[in-house]
$ cat start.cif   # mmCIF, C-alpha atoms
data_entry
loop_
_atom_site.label_atom_id
_atom_site.label_comp_id
_atom_site.auth_asym_id
_atom_site.auth_seq_id
_atom_site.Cartn_x
_atom_site.Cartn_y
_atom_site.Cartn_z
CA MET A 55 -70.64 98.03 -83.07
CA SER A 56 -73.36 98.05 -80.48
CA SER A 57 -75.58 101.12 -80.24
CA ILE A 58 -75.58 100.96 -76.42
CA GLY A 59 -75.08 104.38 -74.90
CA MET A 60 -74.91 106.07 -78.27
CA GLY A 61 -78.36 107.61 -78.17
CA ASN A 62 -79.68 105.61 -81.12
CA ARG A 63 -81.15 102.59 -79.40
CA ARG A 64 -83.99 100.90 -81.25
CA PRO A 65 -87.56 101.65 -80.14
CA GLN A 66 -88.75 99.64 -77.14
CA ALA A 67 -89.38 95.93 -77.82
CA GLN A 68 -90.26 93.52 -74.98
CA ILE A 69 -90.48 89.74 -75.31
CA THR A 70 -94.04 88.56 -74.71
CA HIS A 71 -94.49 85.20 -76.41
CA VAL A 72 -92.77 82.19 -77.85
CA GLY A 73 -93.86 79.67 -80.46
CA ILE A 74 -92.44 76.21 -81.01
CA TYR A 75 -93.09 73.38 -83.44
CA VAL A 76 -94.57 70.26 -81.87
CA TRP A 77 -95.12 66.61 -82.73
CA ASP A 78 -98.29 65.87 -80.74
CA MET A 79 -100.54 68.95 -80.50
CA ASP A 80 -103.20 67.43 -78.22
CA ARG A 81 -100.64 66.10 -75.76
CA MET A 82 -98.74 69.42 -75.61
CA VAL A 83 -101.91 71.52 -75.13
CA GLU A 84 -103.07 69.17 -72.35
CA TYR A 85 -99.66 69.25 -70.62
CA TYR A 86 -99.16 73.04 -70.67
CA THR A 87 -102.72 73.78 -69.52
CA ARG A 88 -102.50 71.24 -66.68
CA MET A 89 -98.93 71.85 -65.48
CA LEU A 90 -98.58 75.62 -66.05
CA GLY A 91 -102.20 76.73 -65.89
CA LEU A 92 -102.22 78.22 -69.39
CA MET A 93 -105.55 78.56 -71.17
CA LEU A 94 -106.24 77.63 -74.79
CA THR A 95 -107.44 80.91 -76.36
CA ASP A 96 -107.73 79.81 -80.02
CA ARG A 97 -106.86 76.86 -82.22
CA GLY A 98 -107.15 76.46 -85.96
CA PRO A 99 -105.57 75.97 -89.39
CA TYR A 100 -102.26 77.80 -89.78
CA TYR A 101 -101.71 80.02 -92.83
CA ARG A 102 -98.20 78.58 -93.13
CA GLY A 103 -99.59 75.03 -93.16
CA GLY A 104 -100.73 72.56 -90.49
CA GLU A 105 -102.39 73.61 -87.26
CA ILE A 106 -101.71 76.35 -84.69
CA ALA A 107 -102.77 76.66 -81.02
CA PHE A 108 -102.57 79.75 -78.81
CA LEU A 109 -102.21 79.64 -75.01
CA SER A 110 -102.20 82.42 -72.41
CA ARG A 111 -102.81 83.14 -68.76
CA LYS A 112 -102.62 86.89 -69.01
CA ALA A 113 -105.84 88.80 -69.74
CA ASP A 114 -104.24 91.32 -72.11
CA GLU A 115 -102.19 88.82 -74.14
CA HIS A 116 -103.92 86.65 -76.73
CA HIS A 117 -101.02 84.20 -76.53
CA GLN A 118 -97.87 83.68 -74.48
CA VAL A 119 -97.13 80.22 -75.83
CA VAL A 120 -97.84 79.11 -79.40
CA PHE A 121 -97.72 75.55 -80.72
CA ALA A 122 -97.43 74.90 -84.45
CA SER A 123 -97.70 71.40 -85.87
CA GLY A 124 -95.01 70.01 -88.14
CA ARG A 125 -91.89 69.47 -86.04
CA PRO A 126 -89.83 67.12 -88.23
CA PRO A 127 -89.61 63.56 -86.87
CA GLY A 128 -86.40 63.05 -84.89
CA GLU A 129 -85.59 66.79 -84.83
CA LYS A 130 -83.84 67.68 -81.55
CA SER A 131 -85.21 70.56 -79.49
CA SER A 132 -83.16 73.74 -79.91
CA ILE A 133 -84.84 75.23 -76.81
CA ASN A 134 -82.44 75.77 -73.93
CA GLN A 135 -85.16 77.07 -71.60
CA MET A 136 -88.72 78.40 -71.73
CA SER A 137 -89.16 80.20 -68.45
CA PHE A 138 -92.08 81.25 -66.29
CA LEU A 139 -91.89 83.59 -63.30
CA VAL A 140 -93.84 82.54 -60.18
CA GLU A 141 -94.87 84.66 -57.19
CA ASN A 142 -92.41 83.59 -54.48
CA LEU A 143 -90.33 80.74 -53.05
CA GLU A 144 -93.39 79.17 -51.41
CA THR A 145 -95.10 79.04 -54.82
CA LEU A 146 -92.02 77.45 -56.35
CA ARG A 147 -91.99 74.83 -53.59
CA ALA A 148 -95.69 74.16 -54.29
CA PHE A 149 -94.93 73.57 -57.98
CA TYR A 150 -92.11 71.21 -57.01
CA ALA A 151 -94.35 69.24 -54.63
CA ALA A 152 -97.19 69.06 -57.18
CA PHE A 153 -94.88 67.88 -59.97
CA ALA A 154 -93.28 65.30 -57.66
CA ALA A 155 -96.77 64.02 -56.76
CA GLU A 156 -97.50 63.65 -60.49
CA GLY A 157 -94.33 61.60 -60.91
CA GLN A 158 -92.70 64.19 -63.22
CA GLN A 159 -89.29 62.90 -64.34
CA GLY A 160 -86.10 64.90 -64.89
CA MET A 161 -86.69 67.68 -62.31
CA ASP A 162 -83.56 69.76 -61.74
CA PRO A 163 -83.72 72.49 -59.03
CA ILE A 164 -80.92 75.05 -59.44
CA ASN A 165 -79.97 77.90 -57.13
CA HIS A 166 -78.68 80.79 -59.29
CA GLY A 167 -78.15 83.12 -56.30
CA ASN A 168 -80.32 85.81 -57.98
CA ALA A 169 -83.13 83.31 -58.64
CA TRP A 170 -84.35 79.92 -57.48
CA SER A 171 -85.23 77.72 -60.45
CA LEU A 172 -86.85 74.41 -61.20
CA TYR A 173 -86.04 72.95 -64.62
CA TRP A 174 -87.70 69.94 -66.20
CA PRO A 175 -88.39 68.58 -69.69
CA ASP A 176 -91.86 68.76 -71.28
CA PRO A 177 -93.19 65.61 -73.05
CA GLU A 178 -91.28 66.56 -76.24
CA GLY A 179 -87.92 67.27 -74.58
CA ASN A 180 -88.15 71.07 -74.39
CA ARG A 181 -86.57 72.35 -71.19
CA LEU A 182 -89.05 74.31 -69.06
CA GLU A 183 -88.29 76.50 -66.04
CA VAL A 184 -90.38 77.96 -63.23
CA TYR A 185 -88.46 80.41 -61.07
CA THR A 186 -88.68 83.24 -58.57
CA TYR A 187 -86.28 86.00 -57.55
CA THR A 188 -84.09 85.89 -54.45
CA PRO A 189 -83.64 89.22 -52.58
CA TRP A 190 -80.14 89.53 -54.08
CA HIS A 191 -78.17 89.87 -57.28
CA VAL A 192 -74.97 88.01 -58.06
CA GLN A 193 -73.08 87.91 -61.33
CA GLN A 194 -74.24 85.20 -63.76
CA PRO A 195 -73.77 82.46 -64.74
CA PHE A 196 -74.03 81.07 -61.22
CA ALA A 197 -75.53 77.65 -60.57
CA ASN A 198 -75.67 75.25 -57.64
CA LYS A 199 -77.99 72.37 -56.97
CA PHE A 200 -80.39 72.84 -54.05
CA ASP A 201 -83.21 71.04 -52.27
CA LEU A 202 -86.71 72.45 -52.90
CA SER A 203 -88.19 70.14 -50.27
CA GLU A 204 -86.41 72.11 -47.52
CA PRO A 205 -88.38 74.87 -45.73
CA ALA A 206 -88.25 78.32 -47.38
CA ASP A 207 -86.38 79.97 -44.48
CA VAL A 208 -83.66 77.29 -44.64
CA ILE A 209 -83.26 77.80 -48.41
CA LEU A 210 -83.07 81.58 -47.91
CA GLU A 211 -80.38 81.25 -45.23
CA LYS A 212 -78.30 78.80 -47.30
CA THR A 213 -78.57 81.04 -50.37
CA LEU A 214 -77.20 84.09 -48.57
CA ALA A 215 -74.36 81.98 -47.13
CA MET A 216 -73.57 80.77 -50.65
CA ILE A 217 -73.31 84.21 -52.30
CA LYS A 218 -72.33 86.64 -49.54
CA ASP A 219 -68.60 86.38 -50.25
CA ASP A 220 -69.03 86.90 -53.99
CA PRO A 221 -67.77 90.43 -54.81
CA SER A 222 -70.67 91.04 -57.25
CA HIS A 223 -73.32 90.27 -54.60
CA CYS A 224 -75.74 93.13 -53.80
CA PRO A 225 -79.42 93.66 -52.92
CA ARG A 226 -81.76 93.07 -55.87
CA GLU A 227 -83.13 96.66 -55.70
CA GLN A 228 -79.62 98.07 -56.08
CA TRP A 229 -79.00 95.92 -59.16
CA VAL A 230 -82.38 96.82 -60.73
CA GLY A 231 -81.57 100.52 -60.16
CA GLY A 232 -78.26 100.10 -61.96
CA GLN A 233 -79.95 98.33 -64.88
CA ARG A 234 -82.50 101.15 -65.17
CA VAL A 235 -79.67 103.66 -65.56
CA LYS A 236 -77.82 101.50 -68.12
CA LEU A 237 -80.93 100.94 -70.22
CA ALA A 238 -81.82 104.64 -70.23
CA GLN A 239 -78.47 105.53 -71.80
CA MET B 24 -103.17 69.52 -59.69
CA SER B 25 -106.19 68.79 -61.87
CA ALA B 26 -108.63 70.14 -59.25
CA ARG B 27 -107.51 73.76 -59.51
CA ARG B 28 -105.32 75.84 -61.74
CA PRO B 29 -101.64 75.89 -60.72
CA PRO B 30 -100.33 79.11 -59.09
CA ASN B 31 -99.65 82.04 -61.38
CA ALA B 32 -96.68 81.55 -63.71
CA GLN B 33 -95.94 84.15 -66.39
CA LEU B 34 -93.67 83.67 -69.39
CA THR B 35 -90.67 86.01 -69.09
CA HIS B 36 -87.75 84.58 -71.03
CA LEU B 37 -86.56 82.13 -73.63
CA GLY B 38 -83.21 80.46 -74.17
CA PHE B 39 -82.10 78.63 -77.29
CA GLN B 40 -79.02 77.06 -78.77
CA VAL B 41 -76.80 78.93 -81.21
CA ARG B 42 -73.89 78.20 -83.56
CA ASP B 43 -72.03 81.53 -83.80
CA MET B 44 -72.29 83.27 -80.42
CA ASP B 45 -70.61 86.57 -81.36
CA ARG B 46 -72.71 87.01 -84.48
CA MET B 47 -75.93 86.31 -82.57
CA ILE B 48 -75.01 88.76 -79.76
CA ASP B 49 -74.32 91.45 -82.36
CA PHE B 50 -77.68 90.86 -84.04
CA TYR B 51 -79.82 90.84 -80.89
CA THR B 52 -78.12 93.91 -79.37
CA ARG B 53 -77.71 96.04 -82.49
CA VAL B 54 -80.88 95.15 -84.41
CA ILE B 55 -83.38 94.28 -81.64
CA GLY B 56 -81.90 96.63 -78.99
CA LEU B 57 -81.24 94.12 -76.17
CA VAL B 58 -78.34 94.67 -73.74
CA MET B 59 -75.88 91.95 -72.75
CA THR B 60 -76.09 91.59 -68.95
CA ASP B 61 -73.67 88.68 -68.39
CA ARG B 62 -71.62 86.11 -70.31
CA GLY B 63 -69.64 83.12 -69.09
CA PRO B 64 -69.07 79.36 -68.92
CA TYR B 65 -72.28 77.34 -68.69
CA TYR B 66 -72.66 74.73 -65.97
CA ARG B 67 -74.21 72.38 -68.52
CA GLY B 68 -71.24 72.82 -70.88
CA GLY B 69 -70.19 75.46 -73.40
CA GLU B 70 -70.94 79.15 -73.02
CA ILE B 71 -74.05 81.12 -72.00
CA VAL B 72 -75.04 84.73 -72.70
CA PHE B 73 -77.83 86.75 -71.07
CA LEU B 74 -79.66 89.61 -72.83
CA SER B 75 -82.35 91.96 -71.53
CA ARG B 76 -83.89 95.36 -71.95
CA ASP B 77 -86.13 95.25 -68.90
CA PRO B 78 -84.40 96.61 -65.77
CA SER B 79 -86.14 94.10 -63.49
CA GLU B 80 -85.24 91.06 -65.62
CA HIS B 81 -81.67 89.78 -65.68
CA HIS B 82 -82.43 88.07 -68.98
CA GLN B 83 -85.22 87.96 -71.51
CA VAL B 84 -83.22 86.11 -74.16
CA VAL B 85 -80.59 83.49 -73.36
CA LEU B 86 -78.11 82.22 -75.95
CA ALA B 87 -76.45 78.88 -75.25
CA SER B 88 -73.64 77.53 -77.40
CA GLY B 89 -73.71 74.02 -78.81
CA ARG B 90 -76.13 74.00 -81.74
CA ALA B 91 -74.55 71.56 -84.15
CA ALA B 92 -74.17 72.47 -87.84
CA ASP B 93 -76.77 69.87 -88.84
CA MET B 94 -79.22 70.73 -86.07
CA GLY B 95 -82.42 72.57 -87.06
CA THR B 96 -84.49 74.97 -84.99
CA ILE B 97 -87.91 74.12 -83.56
CA ILE B 98 -88.67 77.79 -82.91
CA ASN B 99 -91.80 78.95 -84.70
CA GLN B 100 -91.62 82.52 -83.33
CA ILE B 101 -89.88 84.60 -80.66
CA SER B 102 -92.08 87.64 -80.32
CA PHE B 103 -91.42 91.13 -79.05
CA LEU B 104 -94.06 93.77 -78.34
CA VAL B 105 -93.26 97.29 -79.56
CA ASP B 106 -94.94 100.49 -78.35
CA SER B 107 -96.75 101.64 -81.49
CA LEU B 108 -97.39 101.15 -85.19
CA GLU B 109 -94.98 104.06 -85.77
CA ASP B 110 -92.19 102.17 -83.92
CA LEU B 111 -92.99 99.04 -85.92
CA ARG B 112 -92.54 101.03 -89.14
CA GLU B 113 -89.16 102.27 -87.86
CA PHE B 114 -88.06 98.68 -87.15
CA HIS B 115 -89.27 97.66 -90.60
CA ALA B 116 -87.10 100.27 -92.32
CA ALA B 117 -84.08 99.14 -90.24
CA LEU B 118 -84.70 95.47 -91.09
CA VAL B 119 -84.85 96.31 -94.80
CA THR B 120 -81.48 98.10 -94.49
CA GLU B 121 -80.10 95.11 -92.53
CA GLN B 122 -81.27 92.81 -95.37
CA VAL B 123 -82.68 90.21 -92.98
CA LYS B 124 -84.00 87.01 -94.55
CA GLU B 125 -87.69 86.04 -94.85
CA LEU B 126 -88.90 89.54 -94.01
CA ALA B 127 -92.71 89.22 -93.97
CA PRO B 128 -95.04 91.86 -92.51
CA ARG B 129 -98.48 90.47 -91.61
CA ASN B 130 -101.79 92.00 -90.55
CA HIS B 131 -103.46 89.82 -87.88
CA GLY B 132 -106.33 92.28 -87.30
CA ASN B 133 -105.60 92.31 -83.54
CA ALA B 134 -101.89 93.05 -84.18
CA TRP B 135 -99.58 94.36 -86.87
CA SER B 136 -96.55 92.09 -87.17
CA ILE B 137 -93.21 91.78 -88.89
CA TYR B 138 -91.70 88.31 -89.15
CA PHE B 139 -88.08 87.72 -90.18
CA HIS B 140 -85.21 85.36 -89.55
CA ASP B 141 -82.29 85.97 -87.22
CA PRO B 142 -78.86 85.05 -88.68
CA GLU B 143 -79.39 81.37 -87.71
CA GLY B 144 -82.90 80.91 -89.10
CA ASN B 145 -84.94 81.44 -85.92
CA ARG B 146 -88.14 83.27 -86.79
CA ILE B 147 -88.52 86.56 -84.93
CA GLU B 148 -91.68 88.65 -84.67
CA LEU B 149 -92.01 92.32 -83.76
CA TYR B 150 -95.60 93.44 -83.29
CA ALA B 151 -97.85 96.26 -82.14
CA PRO B 152 -101.42 95.62 -80.97
CA THR B 153 -104.29 97.18 -82.94
CA PRO B 154 -107.21 98.77 -80.99
CA TRP B 155 -109.37 95.77 -81.97
CA HIS B 156 -109.79 92.03 -81.58
CA VAL B 157 -110.75 89.46 -84.21
CA GLY B 158 -110.80 85.64 -83.98
CA GLN B 159 -107.40 84.03 -84.53
CA PRO B 160 -105.67 82.68 -86.54
CA TYR B 161 -106.13 85.62 -88.94
CA GLY B 162 -103.42 86.78 -91.33
CA LYS B 163 -103.37 89.18 -94.30
CA PRO B 164 -100.53 90.94 -96.14
CA LEU B 165 -99.35 94.27 -94.68
CA ASP B 166 -97.45 97.10 -96.40
CA LEU B 167 -95.46 98.89 -93.70
CA THR B 168 -94.19 101.52 -96.12
CA LEU B 169 -97.70 103.06 -96.07
CA PRO B 170 -98.39 105.85 -93.53
CA ALA B 171 -99.61 104.66 -90.10
CA GLU B 172 -102.96 106.44 -90.48
CA THR B 173 -103.64 104.68 -93.79
CA LEU B 174 -102.82 101.32 -92.21
CA ARG B 175 -105.19 101.96 -89.28
CA ARG B 176 -108.05 102.84 -91.65
CA GLN B 177 -107.39 99.84 -93.95
CA THR B 178 -107.23 97.45 -90.98
CA LEU B 179 -110.56 98.59 -89.53
CA GLU B 180 -112.21 98.25 -92.98
CA MET B 181 -110.75 94.76 -93.34
CA ILE B 182 -111.98 93.33 -90.02
CA SER B 183 -115.12 95.30 -89.05
CA GLY B 184 -117.38 92.80 -90.84
CA ASP B 185 -115.79 89.74 -89.19
CA PRO B 186 -118.11 87.88 -86.73
CA GLY B 187 -115.35 87.88 -84.05
CA PHE B 188 -114.71 91.62 -84.34
CA MET B 189 -114.77 93.70 -81.11
CA SER B 190 -112.82 96.43 -79.35
CA ARG B 191 -109.60 95.46 -77.54
CA GLU B 192 -111.17 96.56 -74.22
CA ALA B 193 -114.20 94.31 -74.72
CA TRP B 194 -111.96 91.37 -75.56
CA GLU B 195 -109.69 91.92 -72.53
CA ALA B 196 -112.72 92.06 -70.21
CA GLN B 197 -113.92 88.77 -71.74
CA MET B 198 -110.47 87.16 -71.25
CA HIS B 199 -110.36 88.39 -67.65
CA SER B 200 -113.72 86.76 -66.86
CA LEU B 201 -112.73 83.54 -68.60
CA ILE B 202 -109.47 83.21 -66.66
CA VAL B 203 -111.24 83.92 -63.34
CA GLU B 204 -114.06 81.50 -64.22
CA ARG B 205 -111.51 78.77 -64.85
CA GLY B 206 -109.89 79.31 -61.45
CA GLY B 207 -106.95 81.42 -62.56
CA MET B 208 -105.39 84.55 -61.21
CA PRO B 209 -105.26 87.03 -64.09
CA ALA B 210 -102.17 89.24 -64.12
#

$ encode --input "start.cif" --output "structure tokens"
Amino acid sequence: MSSIGMGNRRPQAQITHVGIYVWDMDRMVEYYTRMLGLMLTDRGPYYRGGEIAFLSRKADEHHQVVFASGRPPGEKSSINQMSFLVENLETLRAFYAAFAAEGQQGMDPINHGNAWSLYWPDPEGNRLEVYTYTPWHVQQPFANKFDLSEPADVILEKTLAMIKDDPSHCPREQWVGGQRVKLAQ
Amino acid sequence: MSARRPPNAQLTHLGFQVRDMDRMIDFYTRVIGLVMTDRGPYYRGGEIVFLSRDPSEHHQVVLASGRAADMGTIINQISFLVDSLEDLREFHAALVTEQVKELAPRNHGNAWSIYFHDPEGNRIELYAPTPWHVGQPYGKPLDLTLPAETLRRQTLEMISGDPGFMSREAWEAQMHSLIVERGGMPA
């Protein structure tokens, strides 16, 4: 039985960082600092064995991404997505253009109606996402391919056309307001 | 892209593959306090579930079906910030009652942490920052049944002689300068 709305919700707990096991520490640190602008804050022996590296690009967080050595050889990634919010659609388009210029393989832009996303695999097959919000909400899951090389105003127009007949579609502010009420219960 | 740091991009959510969807939803809503925002068929196959407890984020945790019985997890930690050491102690008591596996509180000097496994062996961390910083990695045992005031005093005694010891404010100012110096846009 969920405690939602029963006045006994757990104390606040917000996700702030994620750690994964890696095969090639140097390669992963280089890739995440170069592609996502993270900074190596500390690196050293791990009390659970092997080596650990901490990365962040937020001044008040020591780490947002953690790499620990010792991913078993041949072990598949259980990560479905590790996701980073960017400023706006123009920024997302800049990421897409920069990655394309680098020859990044496996890029998969998806229009979720409530967010524009770019998915791609890191060098060890973990699925990464950079995304930004659209001005709207629409019930999820919702996913269509789209073209991030098109101008931002064209993407915006096409997105509204795509979701405007969905009965769950509403302005983002309205949806956020509703969430605030639900979470306060 | 090597000439300057890429535009700002901040980690906001994580999705991973699960075996028993209903059991995992129950755990993350009831024990961690997340709310299910949507659930449905996944365009990449199987089912997808979205969980959040931030009104401006549709999802902070995503559960995707399709983890095979013989498939391991490469997750080292999924970490949630709590508001205070008092809240962390409340979570600890609840986790003991829940009989979670691998329950391991840890004192990192810059944070008090509880590590434990979710029902499918993914390692979760709940943590509260201390008022101090100390070079990482740093990890010592932590007894969360002790009163919060005792823990604060013990922690300061433990780390005040460490060469990397400083106040949290001093460390944040240092981080801010470092990120700016390296061409970033600190959040």

$ closest_residue --input "start.cif" --among "B:Leu57, B:Ala87, B:Leu174, B:Leu104" --to "B:Ile137" --atoms "all atoms listed in the file"
B:Leu104

$ residues_around --input "start.cif" --residues "B:Ala171" --least-positions-apart "4" --cutoff "12 Å" --atoms "all atoms listed in the file" --output "PyMOL selection string"
chain B and resi 107-113+135+151+153+165-167+175-178

$ closest_atom_pairs --input "start.cif" --of "stretch 35-64 of chain B" --to "stretch 228-234 of chain A" --cutoff "12 Å" --atoms "all atoms listed in the file" --output "Markdown table"
| residue | atom | partner | partner_atom | distance |
| --- | --- | --- | --- | --- |
| B:Val58 | CA | A:Gln233 | CA | 9.7 |
| B:Met59 | CA | A:Gln233 | CA | 10.9 |
| B:Thr60 | CA | A:Gln233 | CA | 8.8 |

$ residues_around --input "start.cif" --residues "stretch 129-142 of chain A" --least-positions-apart "5" --cutoff "7 Å" --atoms "only C-alpha atoms" --output "list in words"
Gly179, Asn180, Arg181, Leu182, Glu183, Val184, Tyr185 and Thr186 of chain A; Asn31, Ala32, Gln33, Leu34, Thr35, His36, Leu37, Gly38, Phe39, Gln40, Ala87, Gly95, Thr96 and Ile97 of chain B

$ resolve_selection --input "start.cif" --expression "the PyMOL selection byres ((chain A and resi 75) around 10)" --output "list in words"
Gly73, Ile74, Val76, Trp77, Asp78, Met79, Ile106, Val120, Phe121, Ala122, Ser123, Gly124, Arg125, Pro126 and Ser131 of chain A; Thr96, Ile97, Ile98, Asn99 and Gln100 of chain B

$ resolve_selection --input "start.cif" --expression "the PyMOL selection byres ((chain A and resi 158-164) around 12)" --output "ChimeraX atom specification"
/A:85,89,146-147,149-157,165-177,179-186,195-204,209,213 /B:66-67

$ closest_residue --input "start.cif" --among "B:Val119, B:Leu74, B:Val54, B:Leu126" --to "chain A" --atoms "only C-alpha atoms"
B:Val54

$ atom_distance --input "start.cif" --atom1 "atom CA of B:Glu180" --atom2 "atom CA of B:Pro128"
18.3 Å

$ residues_around --input "start.cif" --residues "stretch 99-101 of chain A" --least-positions-apart "4" --cutoff "10 Å" --atoms "all atoms listed in the file" --output "short mmCIF file (atom, residue, chain, number, x, y, z; two decimals) with C-alpha atoms, in the frame of the given file"
data_model
loop_
_atom_site.label_atom_id
_atom_site.label_comp_id
_atom_site.auth_asym_id
_atom_site.auth_seq_id
_atom_site.Cartn_x
_atom_site.Cartn_y
_atom_site.Cartn_z
CA GLU A 105 -102.39 73.61 -87.26
CA ILE A 106 -101.71 76.35 -84.69
CA ALA A 107 -102.77 76.66 -81.02
CA ALA A 122 -97.43 74.90 -84.45
CA SER A 123 -97.70 71.40 -85.87
CA GLN B 159 -107.40 84.03 -84.53
CA PRO B 160 -105.67 82.68 -86.54
CA TYR B 161 -106.13 85.62 -88.94
CA GLY B 162 -103.42 86.78 -91.33
CA LYS B 163 -103.37 89.18 -94.30
#
